[in-house]
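J.: The structure under discussion is supplied below as C-alpha cells; questions concerning it will follow.
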Amino acid sequence: MRNVISIFRRDLGAYFTSPIGYIFIMVFVTMSVGLYVTSFFVFPVADMRPYFGNLPLLLCVFIPAVTMRIWAEERKENTWEMLLTFPMRAYELTIGKFLAALVFYMITLAATFTVPMMLFSLGNPDTGVIASGYFGTLLMGACFLALGILFSGFFKDQIVAFVVTLLTCFLFFLLGTDFIASYIDGRVAGLGSLLADVFGIFTHYQPFIRGIIDMANVLFFVVWTGLFLTLNVIFIDGRNRPGARVMFLAVAVACLAIGMLFNYLMAGTSIQRFDVTEDRIHTISPSSRAILAEADSEIEVRLYITPQDKMPTAMRNLERDISDKLEELRLASGGRLNYGTVYLEAANVIATGQEMPDPDSDDEEEAIERRMLDRGVQPFNVQAMTQDEVTSRLVYSSIGIAYKDRTEEIIPQVVPDTLPDLEYQLVNTIYKLTRDTNPTVALVAPKEAVHIDPQMRQMLMQMGQPIPESDDPYIYLEQVLQNEKYDVQRVEMTKEDPLPDDYDTLVVVNPRELNDRQRWEINRALHAGKSVVLAVQQYEWDYQATREGNRVSRRDENPQINQLLENYGLGVSRDVLMDVNSVTLTVQSQGGGLFSALMGQPFDLPTHILINNTSMNQETSITNRLAAILYLWGTALELDADTLAELGLDVETLMYTSDRAWSVSADAPMTQASFEPPATGTTAYPLMALVSGQFPDAFADTPRPAWPEPEQQPGMPPPMNNPDDEEPPAPAVDPQPGQLVLLGCSQMFRKNFLQAANLDLFLNSVDAITLSEHLVNVRGTKPIDRIISRPSNRQRTVWQLANYGLANIIIACIGVGSFAMRKRARNAYTMHQTRKANNEE
C-alpha cells in the first residue's frame, strides 16, 4: 500500500507542477459549463440532465488528453526502465497511476460547482438527479481513464496514444446510441442491439442521468475498468520476457471475452435498482398501492406486443421496460394483479392484397390476432432504419386490463415516450374499472360562433362542404374527461339546456354574463355539497401586428360571477394582472408581407404570466407535481379572510404569481408605461384556491329566480304564457359540505393551450374533488420541468460571469499560488545550501 501511495503522490503532483494540469481543468470547465449556460437563460430550467447529456462527447476528448502522457512520457524520457527497477510490483504502479488520474478527474468535475450552485440559487433542482448524474459521470470517466492508461503504455508518442484512445472512446460511445445501433441492425439483424448492450457506454450511462442507479449498470463500468487495468498490469509485468506479446494477446482476448460474456448475461436484467429522485418518480407510489389494495377481485393484465427480434432498435427494450413496471405493480398489489404477454405480428394480419384472416382459421396465430383486432388492439406505424434508409414498420404494443366480467380496457400504443405515464395509465384504468359506476361531470363552457368571410362561405357552398357554425374552444376538456372514464354532460345551463338532475361535479369554464338563475344553480350545487370547478376569465386581448408596430386591445368577458362569490368571502379581481415572469407569444402578422405572416410577430407582454413550480402549493396533490402553467390574461383572486373565517370555510391557496407581479386598475387607461414593472409595490398575488366547508345559501331569503325570457324579435307578438311551462317548485336539499376550486383564468384550458401542465392542472382539479387524491398523486409520478422564474438582468449577468469565470479564476489563483510557493521553497533551499557551503569553507 505504501508503494501505491508513493506513485499516487508522485503522479498527482506531476499534474500540478506545470501549467498543463490547470489548463486542462480550465478548458474542460469552460467547454462543458459554457455549452450548458449558453442556452440556459433562453428557457431556464432547474435541471442538469442536459448538462450530463453533453458530457460523454467531451470526455471522449478530455480523458485521452489526460492519459496520453501517463506511460508514454515515461518511455519518451527514458524513465520507464528506471521506474520498473524500483522495488514495486506492476499492479502497484498501475493502481497508483490510475488513482492519481482519477483524483485529478474528480477535481475537474468538482470545478463545475457553479452549475448546481446557480440552479439551487435560482430554482429548486432535484438533488438526487444531480448526485446520480455526477456518480454516473465518475464511473464513465474511470472506465475511459483505465482504457487510456492501457493505450498509453503501448506507445512512446503521446499523440499516437491520444488519437488511439480518442477513437476507441468514440467507438464505445457511438455503439450505445440508438442511431448507430439501428444502422447496424439494418445491416445485420440484432448485431447493433447486442453491441449496444455489451460495449455501449451511453446505453448504461443514461439511467444515471434520469436519477436511477442500477447495480447492473454500475457493474458494467466496474468490470470494464477492472479488465483494462488488469491488461495494463499484465502488459507491464511481462515486459521484455520471451513470448510476452503472444501471452498478452491471449490474455487480452480472454479478458475481452469475459467482459462481453458478463455484459451479455447482464443485458436486460436488474440486480438492484435505486431510485434516488426526490419524489421517487421511478418507483411505484404509495397511492398506486392504495388503489390496488381496494380491488376485491383479481386484475388480469395482458401485454400485446411484437416480438423483440421484430421490433425497431429504438424499441428493442420496450417489452422489458413494460414487464418491469407490471412486475412492480404485481408485487405492490399483493398478488391481486397478474400479467402475461401475448406476441403478435402485424404481418400475420395485414398483408397487401389479402383479406383479413378468419377468426375461425386453422392458423392459431392469425385467429388470435383477428380476435385482438376486434377488441381494439391495433398495430401502428413506427420509424425504423433499414440499411441506408428510414422506413415505416407496423408493430403491436398495447395493454389490455380485465376486471371481473367487465369488458377489457385497452391502453393503445405504449411506446418509449409514454413510459413515464405508464403507471398512471394502468392505475387510472384499474381504478375506474373497480368502481361500480362512472362519476358524472356537468360541463358548462361556451361555444364560439364562427365568423367566416362571405366569399369563403360562398366557396364552401359551391364545393358542397359543410359550413361550420361554431368553433368549440373547450372541446378537448370534454374529450379528456371522457377518456378518463367520466360520464360528461355538456350543457349550457339555460332554460332550454339545464343542468342534469344528478351529477357529481359541476365544471364551469369561462362564464359570461351570468344571470340570477345561473348563479342560483351554482350556489345550490355548493350548498348541497357538490364539487365545483370555476375558471373565470375577466378579459381577453386582441393583438394586431402591423407595419407601424404592435397594437393590443382589451375585450371584457363580463362573467358577472362576483355577485355570487362575495357571499362566500371570495372574488375575482377585475384589475389587469401583470408579472415580470412571463413568456413571449407569437401572433400572425397582418399586412406585413408573406414572410412575416409565415413567421409571425412576437409579443412579449407581462400579461402572459408563467407560473413555475416554486409558486405552487407543494402541500396539496393538485399542484405539487406540476411544471410551468401559462396563466394567460388571468387575474388575481380576492380572498376575504374575515368573511371566510366567519362562515367556517377553509381556504387553501394553490397558486401564486411571482413576488414581482403588479396590477393596473381596470378603469385606468392602458399605456406603454402600464406594461413596465413599477419601481416599488410588486408582490405575489393569489391565483387559484381550494375552498371547502359548508357553503351558505346566498338565495335563502329570496325565491328561486326564473329563467330570463328570450328577447322579443321586432315585429313579433309577445309570447303567450303557458301554464304547462311553469317550473315545479325546487326540491329541498340537505346542506352538505362542498368543495370549490376557483381560478382567475380560463384561457389556459382552451384547446390552443390545453397541453402538458395545463391539462394536468385541469384533471388534477376534477379528480381531487370528485374521486380521490390517490389518482392525482399517481399522475404526478413523472419527471417535470422545474421552470425557473425569469431571472433579472442582474442575476443573469452575475451567474454568467460566475460560470464562465469564477471557477477558472479560482483555478488560476491556485496555480499561481502553487507556483509561487514552489519557487519560494526552491529559493529557500538554494540559500540554505549556499550558507551551508560557506560555513564549511
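Residues in the C-alpha cells are named by chain (A, B, ... in the order shown) and by number from 1 within that chain; ligands are numbered from 1 in the order shown.
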Mind checking which residues fall within 8 Å of Gly153 (chain A), counting only C-alpha atoms, ignoring those fewer than 4 positions away in the same chain, and posting them as a list in words?

T.: Ile70, Trp71, Ala72, Ile149, Asn232 and Ile236 of chain A

J.: Enumerate the residues of region 50-124 of chain A with a DSSP assignment of helix (DSSP H, G or I), computed from the backbone, and present them as an MDAnalysis selection string.

T.: chainID A and resid 50:67 72:76 80:84 90:110 114:122

J.: Ranking A:Ala802, A:Met831, A:Ala295, A:Val766 by minimum distance to Val29 (chain A) and counting only C-alpha atoms, which one comes first?

T.: A:Ala802

J.: Do you know which residues are at most 12 Å from region 42-50 of chain A counting only C-alpha atoms, after dropping those on the same chain fewer than 6 positions away, and could you put them as a short mmCIF file (atom, residue, chain, number, x, y, z; two decimals) with all heavy atoms, in the first residue's frame?

T.:
```cif
data_model
loop_
_atom_site.label_atom_id
_atom_site.label_comp_id
_atom_site.auth_asym_id
_atom_site.auth_seq_id
_atom_site.Cartn_x
_atom_site.Cartn_y
_atom_site.Cartn_z
N SER A 32 -17.63 22.57 -21.02
CA SER A 32 -18.81 21.86 -20.52
C SER A 32 -19.83 22.83 -19.92
O SER A 32 -21.03 22.76 -20.23
CB SER A 32 -18.40 20.81 -19.48
OG SER A 32 -17.82 21.42 -18.34
N VAL A 33 -19.36 23.74 -19.08
CA VAL A 33 -20.28 24.70 -18.46
C VAL A 33 -20.76 25.71 -19.49
O VAL A 33 -21.93 26.10 -19.48
CB VAL A 33 -19.58 25.41 -17.28
CG1 VAL A 33 -20.48 26.49 -16.71
CG2 VAL A 33 -19.23 24.39 -16.20
N LEU A 35 -21.29 25.32 -22.75
CA LEU A 35 -22.33 24.76 -23.60
C LEU A 35 -23.69 24.75 -22.90
O LEU A 35 -24.72 24.96 -23.53
CB LEU A 35 -21.96 23.33 -24.02
CG LEU A 35 -20.85 23.19 -25.07
CD1 LEU A 35 -20.48 21.72 -25.25
CD2 LEU A 35 -21.28 23.80 -26.39
N TYR A 36 -23.67 24.52 -21.60
CA TYR A 36 -24.92 24.46 -20.84
C TYR A 36 -25.49 25.86 -20.59
O TYR A 36 -26.68 26.11 -20.80
CB TYR A 36 -24.67 23.74 -19.52
CG TYR A 36 -25.87 23.67 -18.61
CD1 TYR A 36 -26.91 22.78 -18.86
CD2 TYR A 36 -25.96 24.48 -17.49
CE1 TYR A 36 -28.01 22.72 -18.03
CE2 TYR A 36 -27.05 24.42 -16.64
CZ TYR A 36 -28.07 23.53 -16.91
OH TYR A 36 -29.16 23.48 -16.08
N PRO A 56 -20.54 12.94 -22.28
CA PRO A 56 -19.82 11.82 -22.91
C PRO A 56 -18.96 12.24 -24.08
O PRO A 56 -17.81 11.78 -24.21
CB PRO A 56 -20.96 10.88 -23.33
CG PRO A 56 -22.04 11.15 -22.36
CD PRO A 56 -21.97 12.61 -22.08
N THR A 112 -16.84 22.21 -11.64
CA THR A 112 -18.10 22.63 -12.27
C THR A 112 -19.16 22.96 -11.23
O THR A 112 -20.36 22.96 -11.54
CB THR A 112 -18.63 21.51 -13.20
OG1 THR A 112 -18.94 20.34 -12.42
CG2 THR A 112 -17.60 21.14 -14.26
N PHE A 113 -18.73 23.26 -10.02
CA PHE A 113 -19.67 23.50 -8.92
C PHE A 113 -20.58 24.69 -9.17
O PHE A 113 -21.64 24.82 -8.55
CB PHE A 113 -18.89 23.74 -7.62
CG PHE A 113 -18.13 25.04 -7.60
CD1 PHE A 113 -18.68 26.18 -7.03
CD2 PHE A 113 -16.86 25.12 -8.16
CE1 PHE A 113 -17.98 27.38 -7.01
CE2 PHE A 113 -16.16 26.31 -8.15
CZ PHE A 113 -16.71 27.44 -7.57
N THR A 114 -20.20 25.59 -10.06
CA THR A 114 -21.02 26.79 -10.29
C THR A 114 -22.37 26.45 -10.90
O THR A 114 -23.34 27.19 -10.70
CB THR A 114 -20.28 27.77 -11.20
OG1 THR A 114 -19.90 27.11 -12.42
CG2 THR A 114 -19.04 28.33 -10.52
N VAL A 115 -22.46 25.35 -11.64
CA VAL A 115 -23.74 24.99 -12.27
C VAL A 115 -24.78 24.59 -11.22
O VAL A 115 -25.87 25.19 -11.17
CB VAL A 115 -23.55 23.87 -13.32
CG1 VAL A 115 -24.90 23.41 -13.86
CG2 VAL A 115 -22.67 24.37 -14.46
N PRO A 116 -24.54 23.59 -10.36
CA PRO A 116 -25.54 23.29 -9.32
C PRO A 116 -25.75 24.46 -8.37
O PRO A 116 -26.87 24.66 -7.88
CB PRO A 116 -24.98 22.06 -8.61
CG PRO A 116 -23.54 22.02 -8.96
CD PRO A 116 -23.41 22.63 -10.30
N MET A 117 -24.72 25.24 -8.09
CA MET A 117 -24.88 26.39 -7.21
C MET A 117 -25.85 27.39 -7.82
O MET A 117 -26.70 27.96 -7.12
CB MET A 117 -23.52 27.05 -6.95
CG MET A 117 -23.55 28.14 -5.90
SD MET A 117 -21.89 28.68 -5.42
CE MET A 117 -21.36 29.45 -6.95
N MET A 118 -25.76 27.61 -9.13
CA MET A 118 -26.68 28.51 -9.82
C MET A 118 -28.11 27.98 -9.78
O MET A 118 -29.06 28.73 -9.52
CB MET A 118 -26.23 28.70 -11.27
CG MET A 118 -27.18 29.54 -12.12
SD MET A 118 -26.67 29.63 -13.85
CE MET A 118 -26.89 27.92 -14.38
N LEU A 119 -28.27 26.67 -10.01
CA LEU A 119 -29.61 26.09 -10.04
C LEU A 119 -30.27 26.16 -8.66
O LEU A 119 -31.46 26.46 -8.56
CB LEU A 119 -29.54 24.64 -10.51
CG LEU A 119 -29.04 24.42 -11.94
CD1 LEU A 119 -29.12 22.95 -12.31
CD2 LEU A 119 -29.82 25.25 -12.94
N PHE A 120 -29.53 25.90 -7.61
CA PHE A 120 -30.10 25.97 -6.26
C PHE A 120 -30.40 27.41 -5.87
O PHE A 120 -31.31 27.66 -5.09
CB PHE A 120 -29.15 25.34 -5.25
CG PHE A 120 -29.22 23.84 -5.20
CD1 PHE A 120 -28.19 23.07 -5.73
CD2 PHE A 120 -30.31 23.19 -4.66
CE1 PHE A 120 -28.24 21.70 -5.70
CE2 PHE A 120 -30.38 21.81 -4.62
CZ PHE A 120 -29.34 21.06 -5.15
N SER A 121 -29.65 28.35 -6.41
CA SER A 121 -29.90 29.75 -6.10
C SER A 121 -31.13 30.28 -6.80
O SER A 121 -31.92 31.04 -6.22
CB SER A 121 -28.68 30.59 -6.48
OG SER A 121 -28.93 31.97 -6.28
N LEU A 122 -31.35 29.85 -8.06
CA LEU A 122 -32.46 30.39 -8.85
C LEU A 122 -33.73 29.55 -8.76
O LEU A 122 -34.83 30.07 -8.95
CB LEU A 122 -32.04 30.50 -10.32
CG LEU A 122 -30.88 31.46 -10.62
CD1 LEU A 122 -30.55 31.42 -12.11
CD2 LEU A 122 -31.22 32.88 -10.20
N GLY A 123 -33.59 28.25 -8.52
CA GLY A 123 -34.76 27.38 -8.55
C GLY A 123 -34.68 26.26 -7.52
O GLY A 123 -34.02 26.37 -6.48
N ASN A 124 -35.33 25.15 -7.87
CA ASN A 124 -35.43 24.01 -6.95
C ASN A 124 -35.12 22.72 -7.72
O ASN A 124 -36.00 21.96 -8.06
CB ASN A 124 -36.84 23.94 -6.35
CG ASN A 124 -36.99 22.77 -5.39
OD1 ASN A 124 -36.04 22.38 -4.72
ND2 ASN A 124 -38.19 22.20 -5.34
N PRO A 125 -33.83 22.47 -8.01
CA PRO A 125 -33.48 21.27 -8.77
C PRO A 125 -33.62 20.01 -7.93
O PRO A 125 -33.72 20.05 -6.70
CB PRO A 125 -32.02 21.52 -9.15
CG PRO A 125 -31.50 22.39 -8.05
CD PRO A 125 -32.65 23.27 -7.64
N ASP A 126 -33.64 18.87 -8.62
CA ASP A 126 -33.72 17.57 -7.96
C ASP A 126 -32.31 17.16 -7.54
O ASP A 126 -31.45 16.83 -8.37
CB ASP A 126 -34.31 16.54 -8.92
CG ASP A 126 -34.69 15.24 -8.23
OD1 ASP A 126 -33.97 14.85 -7.29
OD2 ASP A 126 -35.70 14.64 -8.61
N THR A 127 -32.07 17.16 -6.24
CA THR A 127 -30.75 16.84 -5.72
C THR A 127 -30.33 15.42 -6.08
O THR A 127 -29.16 15.16 -6.39
CB THR A 127 -30.73 17.00 -4.18
OG1 THR A 127 -31.21 18.30 -3.84
CG2 THR A 127 -29.32 16.83 -3.63
N GLY A 128 -31.28 14.49 -6.06
CA GLY A 128 -30.95 13.10 -6.38
C GLY A 128 -30.48 12.92 -7.80
O GLY A 128 -29.55 12.16 -8.07
N VAL A 129 -31.12 13.62 -8.74
CA VAL A 129 -30.71 13.52 -10.15
C VAL A 129 -29.31 14.09 -10.34
O VAL A 129 -28.49 13.53 -11.08
CB VAL A 129 -31.72 14.25 -11.05
CG1 VAL A 129 -31.24 14.30 -12.49
CG2 VAL A 129 -33.08 13.56 -10.99
N ILE A 130 -29.01 15.19 -9.65
CA ILE A 130 -27.67 15.78 -9.76
C ILE A 130 -26.62 14.82 -9.21
O ILE A 130 -25.58 14.58 -9.84
CB ILE A 130 -27.63 17.13 -9.02
CG1 ILE A 130 -28.55 18.14 -9.72
CG2 ILE A 130 -26.20 17.66 -8.97
CD1 ILE A 130 -28.63 19.47 -9.00
N ALA A 131 -26.89 14.25 -8.03
CA ALA A 131 -25.93 13.31 -7.43
C ALA A 131 -25.75 12.07 -8.31
O ALA A 131 -24.62 11.60 -8.52
CB ALA A 131 -26.40 12.91 -6.04
N SER A 132 -26.86 11.54 -8.84
CA SER A 132 -26.78 10.36 -9.69
C SER A 132 -26.02 10.67 -10.97
O SER A 132 -25.22 9.84 -11.46
CB SER A 132 -28.19 9.87 -10.02
OG SER A 132 -28.16 8.82 -10.96
N GLY A 133 -26.25 11.87 -11.54
CA GLY A 133 -25.54 12.24 -12.76
C GLY A 133 -24.04 12.34 -12.56
O GLY A 133 -23.25 11.86 -13.38
N TYR A 134 -23.63 12.94 -11.45
CA TYR A 134 -22.19 13.03 -11.17
C TYR A 134 -21.59 11.65 -10.91
O TYR A 134 -20.45 11.37 -11.30
CB TYR A 134 -21.95 13.95 -9.97
CG TYR A 134 -21.82 15.41 -10.34
CD1 TYR A 134 -22.76 16.34 -9.93
CD2 TYR A 134 -20.75 15.86 -11.10
CE1 TYR A 134 -22.64 17.69 -10.26
CE2 TYR A 134 -20.62 17.20 -11.44
CZ TYR A 134 -21.56 18.11 -11.03
OH TYR A 134 -21.43 19.43 -11.37
N GLY A 136 -22.64 8.74 -12.16
CA GLY A 136 -22.51 8.07 -13.45
C GLY A 136 -21.37 8.64 -14.27
O GLY A 136 -20.63 7.89 -14.95
N THR A 137 -21.19 9.96 -14.22
CA THR A 137 -20.08 10.59 -14.94
C THR A 137 -18.74 10.13 -14.38
O THR A 137 -17.78 9.92 -15.13
CB THR A 137 -20.19 12.12 -14.85
OG1 THR A 137 -21.47 12.53 -15.33
CG2 THR A 137 -19.11 12.79 -15.66
N TYR A 205 -25.11 4.61 -19.38
CA TYR A 205 -24.92 5.90 -18.70
C TYR A 205 -26.25 6.65 -18.56
O TYR A 205 -26.45 7.38 -17.58
CB TYR A 205 -23.92 6.73 -19.51
CG TYR A 205 -23.74 8.15 -19.03
CD1 TYR A 205 -23.14 8.44 -17.81
CD2 TYR A 205 -24.15 9.22 -19.82
CE1 TYR A 205 -22.96 9.75 -17.38
CE2 TYR A 205 -23.97 10.53 -19.40
CZ TYR A 205 -23.37 10.79 -18.19
OH TYR A 205 -23.20 12.08 -17.77
N GLN A 206 -27.17 6.45 -19.49
CA GLN A 206 -28.43 7.20 -19.50
C GLN A 206 -29.25 7.05 -18.22
O GLN A 206 -29.81 8.04 -17.73
CB GLN A 206 -29.27 6.80 -20.71
CG GLN A 206 -28.87 7.52 -21.98
CD GLN A 206 -29.80 7.19 -23.14
OE1 GLN A 206 -30.12 6.01 -23.36
NE2 GLN A 206 -30.23 8.19 -23.85
N PRO A 207 -29.39 5.84 -17.64
CA PRO A 207 -30.18 5.75 -16.40
C PRO A 207 -29.67 6.65 -15.28
O PRO A 207 -30.47 7.17 -14.49
CB PRO A 207 -30.07 4.27 -16.03
CG PRO A 207 -29.81 3.57 -17.32
CD PRO A 207 -28.97 4.51 -18.11
N PHE A 208 -28.36 6.86 -15.19
CA PHE A 208 -27.83 7.75 -14.14
C PHE A 208 -28.34 9.18 -14.35
O PHE A 208 -28.61 9.89 -13.37
CB PHE A 208 -26.30 7.73 -14.16
CG PHE A 208 -25.69 6.43 -13.76
CD1 PHE A 208 -25.26 5.52 -14.70
CD2 PHE A 208 -25.54 6.11 -12.42
CE1 PHE A 208 -24.69 4.31 -14.34
CE2 PHE A 208 -24.97 4.91 -12.03
CZ PHE A 208 -24.55 4.00 -13.00
N ILE A 209 -28.48 9.60 -15.59
CA ILE A 209 -28.97 10.95 -15.88
C ILE A 209 -30.41 11.10 -15.39
O ILE A 209 -30.82 12.19 -14.97
CB ILE A 209 -28.87 11.25 -17.39
CG1 ILE A 209 -27.43 11.11 -17.87
CG2 ILE A 209 -29.38 12.64 -17.70
CD1 ILE A 209 -27.26 11.34 -19.36
N ARG A 210 -31.19 10.03 -15.44
CA ARG A 210 -32.60 10.09 -15.04
C ARG A 210 -32.79 9.93 -13.54
O ARG A 210 -33.91 10.01 -13.06
CB ARG A 210 -33.40 9.00 -15.77
CG ARG A 210 -33.28 9.06 -17.28
CD ARG A 210 -34.46 8.38 -17.96
NE ARG A 210 -34.83 7.14 -17.33
CZ ARG A 210 -34.38 5.94 -17.72
NH1 ARG A 210 -33.51 5.85 -18.71
NH2 ARG A 210 -34.79 4.85 -17.14
N GLY A 211 -31.72 9.67 -12.80
CA GLY A 211 -31.84 9.50 -11.36
C GLY A 211 -32.01 8.06 -10.92
O GLY A 211 -32.52 7.80 -9.83
N ASN A 581 -42.36 37.59 -14.57
CA ASN A 581 -42.15 36.22 -15.04
C ASN A 581 -43.22 35.88 -16.06
O ASN A 581 -44.32 35.43 -15.73
CB ASN A 581 -42.21 35.24 -13.86
CG ASN A 581 -41.73 33.86 -14.25
OD1 ASN A 581 -40.73 33.73 -14.95
ND2 ASN A 581 -42.41 32.84 -13.80
N SER A 582 -42.92 36.13 -17.32
CA SER A 582 -43.88 35.94 -18.40
C SER A 582 -43.18 35.31 -19.59
O SER A 582 -41.95 35.14 -19.59
CB SER A 582 -44.53 37.27 -18.79
OG SER A 582 -43.53 38.20 -19.16
N VAL A 583 -43.96 34.97 -20.62
CA VAL A 583 -43.40 34.34 -21.81
C VAL A 583 -43.81 35.15 -23.03
O VAL A 583 -44.71 35.99 -22.97
CB VAL A 583 -43.90 32.89 -21.96
CG1 VAL A 583 -43.40 32.04 -20.83
CG2 VAL A 583 -45.42 32.83 -22.05
N THR A 584 -43.16 34.87 -24.13
CA THR A 584 -43.44 35.54 -25.39
C THR A 584 -44.38 34.69 -26.23
O THR A 584 -44.16 33.48 -26.38
CB THR A 584 -42.13 35.80 -26.16
OG1 THR A 584 -41.27 36.61 -25.36
CG2 THR A 584 -42.42 36.52 -27.47
N LEU A 610 -46.36 33.32 -16.50
CA LEU A 610 -45.87 31.94 -16.37
C LEU A 610 -45.74 31.61 -14.88
O LEU A 610 -45.03 32.30 -14.16
CB LEU A 610 -44.53 31.78 -17.07
CG LEU A 610 -44.00 30.34 -17.18
CD1 LEU A 610 -44.86 29.53 -18.13
CD2 LEU A 610 -42.55 30.35 -17.64
N ASN A 612 -44.44 29.06 -12.19
CA ASN A 612 -43.49 27.97 -12.02
C ASN A 612 -43.85 27.09 -10.82
O ASN A 612 -44.67 27.47 -9.99
CB ASN A 612 -42.07 28.51 -11.86
CG ASN A 612 -41.63 29.30 -13.07
OD1 ASN A 612 -42.06 29.03 -14.18
ND2 ASN A 612 -40.76 30.27 -12.85
N ASN A 613 -43.21 25.94 -10.75
CA ASN A 613 -43.46 25.01 -9.66
C ASN A 613 -43.18 25.62 -8.30
O ASN A 613 -43.82 25.28 -7.31
CB ASN A 613 -42.62 23.75 -9.87
CG ASN A 613 -42.89 22.67 -8.87
OD1 ASN A 613 -42.20 22.57 -7.87
ND2 ASN A 613 -43.91 21.87 -9.11
N THR A 614 -42.23 26.55 -8.25
CA THR A 614 -41.89 27.18 -6.98
C THR A 614 -42.99 28.10 -6.47
O THR A 614 -43.00 28.47 -5.30
CB THR A 614 -40.58 27.98 -7.11
OG1 THR A 614 -40.70 28.89 -8.22
CG2 THR A 614 -39.41 27.05 -7.36
N ALA A 627 -45.53 21.18 -13.74
CA ALA A 627 -44.49 22.02 -14.33
C ALA A 627 -45.07 23.43 -14.49
O ALA A 627 -45.99 23.82 -13.78
CB ALA A 627 -44.05 21.43 -15.66
N ALA A 628 -44.56 24.17 -15.44
CA ALA A 628 -44.98 25.57 -15.60
C ALA A 628 -46.40 25.65 -16.17
O ALA A 628 -46.79 24.87 -17.04
CB ALA A 628 -44.01 26.30 -16.52
N PRO A 783 -41.31 12.75 -14.48
CA PRO A 783 -40.42 13.92 -14.43
C PRO A 783 -41.15 15.18 -14.84
O PRO A 783 -42.00 15.17 -15.74
CB PRO A 783 -39.31 13.56 -15.44
CG PRO A 783 -39.42 12.08 -15.63
CD PRO A 783 -40.86 11.73 -15.42
N ILE A 784 -40.84 16.27 -14.18
CA ILE A 784 -41.43 17.55 -14.52
C ILE A 784 -40.32 18.55 -14.80
O ILE A 784 -39.19 18.41 -14.31
CB ILE A 784 -42.33 18.09 -13.39
CG1 ILE A 784 -41.52 18.34 -12.12
CG2 ILE A 784 -43.49 17.18 -13.13
CD1 ILE A 784 -42.29 19.06 -11.04
N ASP A 785 -40.64 19.53 -15.62
CA ASP A 785 -39.69 20.61 -15.89
C ASP A 785 -39.78 21.63 -14.76
O ASP A 785 -40.81 22.28 -14.58
CB ASP A 785 -40.01 21.29 -17.23
CG ASP A 785 -39.76 20.36 -18.42
OD1 ASP A 785 -38.87 19.50 -18.30
OD2 ASP A 785 -40.44 20.50 -19.45
N ARG A 786 -38.69 21.73 -14.02
CA ARG A 786 -38.67 22.67 -12.90
C ARG A 786 -38.29 24.05 -13.43
O ARG A 786 -37.14 24.50 -13.32
CB ARG A 786 -37.69 22.18 -11.83
CG ARG A 786 -38.10 20.82 -11.24
CD ARG A 786 -37.01 20.26 -10.33
NE ARG A 786 -37.41 18.97 -9.81
CZ ARG A 786 -37.67 18.73 -8.52
NH1 ARG A 786 -37.59 19.69 -7.63
NH2 ARG A 786 -38.02 17.52 -8.12
N ILE A 787 -39.29 24.72 -14.03
CA ILE A 787 -39.06 26.01 -14.65
C ILE A 787 -38.65 27.03 -13.60
O ILE A 787 -39.20 27.08 -12.50
CB ILE A 787 -40.32 26.48 -15.39
CG1 ILE A 787 -40.83 25.39 -16.34
CG2 ILE A 787 -40.04 27.76 -16.17
CD1 ILE A 787 -39.88 25.04 -17.44
N ILE A 788 -37.69 27.86 -13.96
CA ILE A 788 -37.20 28.92 -13.08
C ILE A 788 -37.85 30.24 -13.49
O ILE A 788 -37.99 30.52 -14.68
CB ILE A 788 -35.67 29.02 -13.16
CG1 ILE A 788 -35.02 27.74 -12.64
CG2 ILE A 788 -35.16 30.23 -12.39
CD1 ILE A 788 -33.52 27.71 -12.81
N SER A 789 -38.26 31.01 -12.51
CA SER A 789 -38.79 32.34 -12.80
C SER A 789 -37.74 33.15 -13.56
O SER A 789 -36.54 33.01 -13.32
CB SER A 789 -39.17 33.07 -11.51
OG SER A 789 -40.18 32.36 -10.81
N ARG A 790 -38.23 33.98 -14.48
CA ARG A 790 -37.32 34.73 -15.33
C ARG A 790 -36.32 35.51 -14.48
O ARG A 790 -36.71 36.39 -13.72
CB ARG A 790 -38.09 35.67 -16.23
CG ARG A 790 -37.19 36.52 -17.13
CD ARG A 790 -37.97 37.51 -17.96
NE ARG A 790 -38.78 36.83 -18.96
CZ ARG A 790 -39.47 37.50 -19.89
NH1 ARG A 790 -39.47 38.82 -19.92
NH2 ARG A 790 -40.20 36.83 -20.78
N PRO A 791 -35.02 35.20 -14.61
CA PRO A 791 -34.04 35.94 -13.79
C PRO A 791 -33.96 37.40 -14.22
O PRO A 791 -34.19 37.74 -15.38
CB PRO A 791 -32.71 35.20 -14.08
CG PRO A 791 -33.11 33.91 -14.72
CD PRO A 791 -34.40 34.17 -15.43
N SER A 792 -33.61 38.25 -13.28
CA SER A 792 -33.41 39.65 -13.60
C SER A 792 -32.11 39.80 -14.39
O SER A 792 -31.27 38.89 -14.45
CB SER A 792 -33.36 40.48 -12.32
OG SER A 792 -32.23 40.11 -11.53
N ARG A 796 -28.83 37.40 -14.18
CA ARG A 796 -28.29 36.76 -15.38
C ARG A 796 -26.80 37.11 -15.56
O ARG A 796 -25.97 36.24 -15.84
CB ARG A 796 -29.09 37.22 -16.59
CG ARG A 796 -28.71 36.50 -17.88
CD ARG A 796 -29.52 37.00 -19.07
NE ARG A 796 -30.93 36.64 -18.90
CZ ARG A 796 -31.89 37.51 -18.63
NH1 ARG A 796 -31.60 38.79 -18.47
NH2 ARG A 796 -33.15 37.12 -18.51
#
```

J.: For the interface of region 515-620 of chain A with region 666-674 of chain A (cut-off 8 Å, counting only C-alpha atoms), please tabulate each contacting residue of region 515-620 of chain A alongside its nearest pair of atoms and their separation in Å to one decimal, rows sorted by chain and increasing number, as a tab-separated table.

T.:
```
residue	atom	partner	partner_atom	distance
A:Arg574	CA	A:Ala666	CA	5.9
A:Asp575	CA	A:Ala666	CA	4.6
A:Val576	CA	A:Ala666	CA	5.9
```

J.: Taking only C-alpha atoms into account, which of A:Pro446, A:Gly259, A:Arg779, A:Thr643 comes nearest Val427 (chain A)?

T.: A:Arg779

J.: I'd like to know which of A:Ala257, A:Val587, A:Leu742, A:Leu139 is closest to Met215 (chain A), using only C-alpha atoms.

T.: A:Leu139

J.: Quick one: of A:Val816, A:Ala402, A:Leu754, A:Val778, who's nearest to Arg280 (chain A), counting only C-alpha atoms?

T.: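 Closest residue, counting only C-alpha atoms: A:Val778.
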
J.: Leaving out region 164-175 of chain A and any residue of its chain fewer than 6 positions from it, which residues lie within 6 Å of it when counting only C-alpha atoms, given as a PyMOL selection string?

T.: chain A and resi 60-61+64+148+196+199-202

J.: So, counting only C-alpha atoms, which residue among A:Ser765, A:Asn567, A:Ser658, A:Asn827 is closest to Ser621 (chain A)?

T.: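 Comparing A:Ser765, A:Asn567, A:Ser658, A:Asn827 against Ser621 (chain A), the winner is A:Ser765.
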